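All remarks here apply to the structure that follows.
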2 protein chains.
Amino acid sequence: MSENKMLPVDLPKAYRLLNHGPTVLVSAQHEQDTDVMAAAWACALELTPAKVTIVLDKSTKTRQLVEQSGYFALQVPCYAQIDMVHQLGTISKFDNPNKLEDCHTQIFYQAGFDVPLVKDSLAWLICKVIPEPYIQQTHDLFIGSVIAAWADPRVFKDGHWHFQNVEKELKSLHYIAGGTFYLIGDEVKASI
Amino acid sequence: MSENKMLPVDLPKAYRLLNHGPTVLVSAQHEQDTDVMAAAWACALELTPAKVTIVLDKSTKTRQLVEQSGYFALQVPCYAQIDMVHQLGTISKFDNPNKLEDCHTQIFYQAGFDVPLVKDSLAWLICKVIPEPYIQQTHDLFIGSVIAAWADPRVFKDGHWHFQNVEKELKSLHYIAGGTFYLIGDEVKASI
């Protein structure tokens, strides 16, 4: 999967990319400095206009870049990326300036956006920070307005995930602790 | 599963009950008035002291009760409860005062807490609202301090979920839209 295989997601449907609670990658850039971190604490906040929340600890380089640039991207990674996701969540770029290379994280850009995106993810949401300095400082919580979204049409199309019949490598990851994740499982429907 | 089968969860591990992104039930009570709603937009916010966020739309009776009482509970429901979860997310108690009876929702209480809990769930977190009137009004976002937590030891013990070997009925639910959910799937581990 490369940046060639991504289809736009209508913004009123963008919440569905996060609704099942996947662990995400958060990416950001200021000038030539980029970082990507893993985060389990991302959540939809509003349908229309599409908004999200993300918890960014003060110890992270990614947070610094989000504060400097006012933008971030969330991406939904998959089982094929599990080792990269775990490394991106445990290594700080403050400690290792070669973090992205060492984690084998390849980034690309969509035309018109200076926000780095992680190749081979399942979905991408570019977000503009809605400045709420008190919330950011007190609770480490950032609110983003989703300004563009895309997904890999093998797993998300027509506004719905299609995990039921995809290979294991394309299932979303749901982090617990200590390098242990769950994959998303079977589709089920309420009968009433 | 009844209220007899629940073991306390250490509060620094309570985030793990939500970390994999399950859909939750939100319950609240003011005086004799109770409500329960389903919500996909719940998230951990802090490890210690344990805090969570929950999005509560202004149209919901549950929000009114949370604002009146200053407390709510989050519970992690399972596949055995899918129809109840879907109904609790589509019926408003403002429209149907018999909502809980019609949804076959049985509540119980833990000693010392006036917060209603939903029987047969996988986990329960009782939360005290940290008042943030601006965030609540502007973003419909409530922050709760987790003051007590329990889980069904068949699926969560020693600080970890054990979904790998449980029957389908005890898997957590992850909502998408239109009555469609995913179950949590297989456990996987990063190799580095």
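We name chains A, B, ... following the order of the structure tokens; residues begin at 1 in each chain, and ligands are numbered from 1 as shown.
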Practice item. May I ask you to extract the residues of chain B within 7 Å of chain A, using only C-alpha atoms, and to give them as a PyMOL selection string? Key: chain B and resi 16+19-22+40-41+43-45+55+82-83+86+174-176+179-192
Env of Asp120 in chain A: 12 Å cut, atoms = only C-alpha atoms, seq-sep filter 6 positions within chain, self excluded. Answer as a PDB file with C-alpha atoms, in the first residue's frame.
ATOM      1  CA  MET A   1       0.000   0.000   0.000  1.00  0.00           C
ATOM      2  CA  SER A   2       1.466   3.359  -0.961  1.00  0.00           C
ATOM      3  CA  GLU A   3       0.178   6.887  -1.183  1.00  0.00           C
ATOM      4  CA  ASN A   4      -1.124   5.977  -4.637  1.00  0.00           C
ATOM      5  CA  LYS A   5      -3.904   3.871  -3.122  1.00  0.00           C
ATOM      6  CA  MET A   6      -5.910   6.236  -1.008  1.00  0.00           C
ATOM      7  CA  LEU A  25      -0.170   7.209  14.770  1.00  0.00           C
ATOM      8  CA  GLN A  75      -3.452   7.595  10.872  1.00  0.00           C
ATOM      9  CA  VAL A  76      -4.946   4.201  11.532  1.00  0.00           C
ATOM     10  CA  PRO A  77      -2.156   1.611  11.362  1.00  0.00           C
ATOM     11  CA  CYS A  78      -2.552  -2.116  10.741  1.00  0.00           C
ATOM     12  CA  TYR A  79      -1.077  -5.420  11.876  1.00  0.00           C
ATOM     13  CA  ALA A  80       1.584  -5.324   9.156  1.00  0.00           C
ATOM     14  CA  GLN A  81       2.942  -2.227  10.973  1.00  0.00           C
ATOM     15  CA  ILE A  82       2.797  -3.583  14.550  1.00  0.00           C
ATOM     16  CA  MET A  84       6.813   0.072  13.851  1.00  0.00           C
ATOM     17  CA  VAL A  85       3.791   1.196  15.883  1.00  0.00           C
ATOM     18  CA  HIS A 104      11.559   2.300   9.316  1.00  0.00           C
ATOM     19  CA  THR A 105       8.814   4.929   9.110  1.00  0.00           C
ATOM     20  CA  GLN A 106       8.314   6.242   5.593  1.00  0.00           C
ATOM     21  CA  ILE A 107       6.441   9.500   5.216  1.00  0.00           C
ATOM     22  CA  PHE A 108       4.782  11.190   2.253  1.00  0.00           C
ATOM     23  CA  ALA A 151      -8.569   5.665   3.463  1.00  0.00           C
ATOM     24  CA  ASP A 152      -7.248   2.541   1.772  1.00  0.00           C
ATOM     25  CA  ARG A 154      -9.348  -2.265   0.396  1.00  0.00           C
ATOM     26  CA  GLU A 169      -2.138  -7.832   7.954  1.00  0.00           C
ATOM     27  CA  LEU A 170      -4.818  -5.205   7.195  1.00  0.00           C
TER      28      LEU A 170
END
Exercise for review: Step one, run DSSP on the backbone; step two, keep only residues of range 19-139 of chain A assigned to strand (DSSP E); then write them as a ChimeraX atom specification.
Suggested key: /A:24-30,33-39,42-46,51-55,71-76,107-108,117-118,123-129
Once DSSP has gone over the backbone, tell me which residues of range 2-182 of chain B are in helix (DSSP H, G or I), as an mmCIF file with N, CA and C atoms, in the first residue's frame.
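So the final result, stored in selection_31.cif, reads:
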data_model
loop_
_atom_site.group_PDB
_atom_site.id
_atom_site.type_symbol
_atom_site.label_atom_id
_atom_site.label_comp_id
_atom_site.auth_asym_id
_atom_site.auth_seq_id
_atom_site.Cartn_x
_atom_site.Cartn_y
_atom_site.Cartn_z
ATOM 1 N N LEU B 11 -6.790 1.428 40.357
ATOM 2 C CA LEU B 11 -7.070 2.615 39.542
ATOM 3 C C LEU B 11 -5.963 2.954 38.542
ATOM 4 N N PRO B 12 -4.675 2.732 38.869
ATOM 5 C CA PRO B 12 -3.658 3.021 37.831
ATOM 6 C C PRO B 12 -3.754 2.085 36.617
ATOM 7 N N LYS B 13 -4.500 0.985 36.736
ATOM 8 C CA LYS B 13 -4.699 0.091 35.591
ATOM 9 C C LYS B 13 -6.072 0.296 34.937
ATOM 10 N N ALA B 14 -6.871 1.206 35.467
ATOM 11 C CA ALA B 14 -8.239 1.364 34.955
ATOM 12 C C ALA B 14 -8.254 1.816 33.499
ATOM 13 N N TYR B 15 -7.235 2.562 33.068
ATOM 14 C CA TYR B 15 -7.205 3.004 31.659
ATOM 15 C C TYR B 15 -7.251 1.824 30.702
ATOM 16 N N ARG B 16 -6.719 0.677 31.155
ATOM 17 C CA ARG B 16 -6.671 -0.476 30.248
ATOM 18 C C ARG B 16 -8.059 -1.006 29.911
ATOM 19 N N LEU B 17 -9.042 -0.675 30.743
ATOM 20 C CA LEU B 17 -10.418 -1.109 30.462
ATOM 21 C C LEU B 17 -10.954 -0.413 29.203
ATOM 22 N N LYS B 61 -30.727 12.676 27.968
ATOM 23 C CA LYS B 61 -31.134 12.698 29.375
ATOM 24 C C LYS B 61 -29.949 12.356 30.281
ATOM 25 N N THR B 62 -29.109 11.426 29.826
ATOM 26 C CA THR B 62 -27.954 11.035 30.643
ATOM 27 C C THR B 62 -27.100 12.250 30.988
ATOM 28 N N ARG B 63 -26.887 13.128 29.994
ATOM 29 C CA ARG B 63 -26.074 14.324 30.262
ATOM 30 C C ARG B 63 -26.701 15.183 31.362
ATOM 31 N N GLN B 64 -28.022 15.323 31.283
ATOM 32 C CA GLN B 64 -28.703 16.128 32.299
ATOM 33 C C GLN B 64 -28.428 15.551 33.697
ATOM 34 N N LEU B 65 -28.504 14.219 33.794
ATOM 35 C CA LEU B 65 -28.291 13.569 35.095
ATOM 36 C C LEU B 65 -26.844 13.695 35.557
ATOM 37 N N VAL B 66 -25.924 13.635 34.610
ATOM 38 C CA VAL B 66 -24.501 13.815 34.944
ATOM 39 C C VAL B 66 -24.270 15.226 35.471
ATOM 40 N N GLU B 67 -24.887 16.194 34.816
ATOM 41 C CA GLU B 67 -24.712 17.589 35.253
ATOM 42 C C GLU B 67 -25.355 17.818 36.619
ATOM 43 N N GLN B 68 -26.487 17.159 36.864
ATOM 44 C CA GLN B 68 -27.173 17.359 38.147
ATOM 45 C C GLN B 68 -26.451 16.664 39.305
ATOM 46 N N SER B 69 -25.910 15.483 39.028
ATOM 47 C CA SER B 69 -25.339 14.681 40.123
ATOM 48 C C SER B 69 -23.833 14.836 40.267
ATOM 49 N N TYR B 79 -20.833 -8.752 23.556
ATOM 50 C CA TYR B 79 -21.689 -9.178 22.454
ATOM 51 C C TYR B 79 -23.040 -9.698 22.933
ATOM 52 N N ALA B 80 -23.074 -10.337 24.086
ATOM 53 C CA ALA B 80 -24.357 -10.820 24.619
ATOM 54 C C ALA B 80 -25.348 -9.681 24.819
ATOM 55 N N GLN B 81 -24.846 -8.449 24.918
ATOM 56 C CA GLN B 81 -25.687 -7.275 25.183
ATOM 57 C C GLN B 81 -25.927 -6.428 23.939
ATOM 58 N N ILE B 82 -25.578 -6.904 22.742
ATOM 59 C CA ILE B 82 -25.549 -6.037 21.555
ATOM 60 C C ILE B 82 -26.895 -5.359 21.280
ATOM 61 N N ASP B 83 -27.996 -6.084 21.411
ATOM 62 C CA ASP B 83 -29.286 -5.461 21.102
ATOM 63 C C ASP B 83 -29.618 -4.377 22.130
ATOM 64 N N MET B 84 -29.328 -4.660 23.392
ATOM 65 C CA MET B 84 -29.561 -3.656 24.432
ATOM 66 C C MET B 84 -28.693 -2.422 24.187
ATOM 67 N N VAL B 85 -27.434 -2.635 23.838
ATOM 68 C CA VAL B 85 -26.524 -1.508 23.590
ATOM 69 C C VAL B 85 -27.058 -0.643 22.458
ATOM 70 N N HIS B 86 -27.489 -1.294 21.376
ATOM 71 C CA HIS B 86 -27.984 -0.524 20.238
ATOM 72 C C HIS B 86 -29.244 0.254 20.607
ATOM 73 N N GLN B 87 -30.138 -0.383 21.342
ATOM 74 C CA GLN B 87 -31.360 0.316 21.762
ATOM 75 C C GLN B 87 -31.048 1.477 22.706
ATOM 76 N N LEU B 88 -30.131 1.260 23.633
ATOM 77 C CA LEU B 88 -29.772 2.331 24.574
ATOM 78 C C LEU B 88 -29.135 3.520 23.853
ATOM 79 N N GLY B 89 -28.607 3.256 22.650
ATOM 80 C CA GLY B 89 -28.004 4.327 21.865
ATOM 81 C C GLY B 89 -28.954 4.993 20.898
ATOM 82 N N THR B 90 -30.147 4.464 20.734
ATOM 83 C CA THR B 90 -31.074 5.039 19.749
ATOM 84 C C THR B 90 -32.346 5.600 20.389
ATOM 85 N N LYS B 99 -37.656 3.819 28.992
ATOM 86 C CA LYS B 99 -36.513 3.364 28.194
ATOM 87 C C LYS B 99 -35.792 2.159 28.806
ATOM 88 N N LEU B 100 -35.435 2.243 30.074
ATOM 89 C CA LEU B 100 -34.611 1.178 30.659
ATOM 90 C C LEU B 100 -35.371 -0.150 30.700
ATOM 91 N N GLU B 101 -36.649 -0.100 31.073
ATOM 92 C CA GLU B 101 -37.454 -1.325 31.075
ATOM 93 C C GLU B 101 -37.587 -1.862 29.647
ATOM 94 N N ASP B 102 -37.871 -0.993 28.707
ATOM 95 C CA ASP B 102 -38.061 -1.437 27.324
ATOM 96 C C ASP B 102 -36.768 -2.004 26.729
ATOM 97 N N PRO B 133 -16.797 23.769 32.943
ATOM 98 C CA PRO B 133 -18.030 24.237 32.276
ATOM 99 C C PRO B 133 -17.814 24.681 30.829
ATOM 100 N N TYR B 134 -16.688 25.300 30.542
ATOM 101 C CA TYR B 134 -16.458 25.786 29.175
ATOM 102 C C TYR B 134 -16.347 24.614 28.192
ATOM 103 N N ILE B 135 -15.576 23.587 28.570
ATOM 104 C CA ILE B 135 -15.395 22.431 27.682
ATOM 105 C C ILE B 135 -16.717 21.683 27.516
ATOM 106 N N GLN B 136 -17.453 21.554 28.623
ATOM 107 C CA GLN B 136 -18.733 20.847 28.574
ATOM 108 C C GLN B 136 -19.705 21.566 27.628
ATOM 109 N N GLN B 137 -19.757 22.880 27.742
ATOM 110 C CA GLN B 137 -20.727 23.639 26.960
ATOM 111 C C GLN B 137 -20.302 23.755 25.498
ATOM 112 N N THR B 138 -19.012 24.020 25.287
ATOM 113 C CA THR B 138 -18.535 24.304 23.933
ATOM 114 C C THR B 138 -18.327 23.024 23.124
ATOM 115 N N HIS B 139 -17.817 21.988 23.762
ATOM 116 C CA HIS B 139 -17.429 20.786 23.021
ATOM 117 C C HIS B 139 -18.198 19.536 23.449
ATOM 118 N N LYS B 168 -17.579 -15.967 22.327
ATOM 119 C CA LYS B 168 -17.956 -14.780 21.548
ATOM 120 C C LYS B 168 -18.820 -13.817 22.368
ATOM 121 N N GLU B 169 -19.703 -14.355 23.191
ATOM 122 C CA GLU B 169 -20.648 -13.526 23.947
ATOM 123 C C GLU B 169 -19.931 -12.562 24.896
ATOM 124 N N LEU B 170 -18.689 -12.858 25.250
ATOM 125 C CA LEU B 170 -17.955 -12.015 26.200
ATOM 126 C C LEU B 170 -16.931 -11.099 25.531
#
Check your understanding: If we count only C-alpha atoms, what is near range 126-130 of chain B at a cut-off of 6 Å, once residues fewer than 4 positions away on the same chain are taken out, given as a list of chain:residue names?
Key ->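 That gives B:Gly70, B:Tyr71, B:Phe72, B:Ala73, B:Ile143, B:Gly144, B:Ser145, B:Val146, B:Ile147, B:Ala148.
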Point to revise | Separation of CA of Ala149 in chain A from CA of Thr60 in chain A, in Å and rounded to one decimal | key: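 Straight-line distance from CA of Ala149 in chain A to CA of Thr60 in chain A works out to 24.3 Å.
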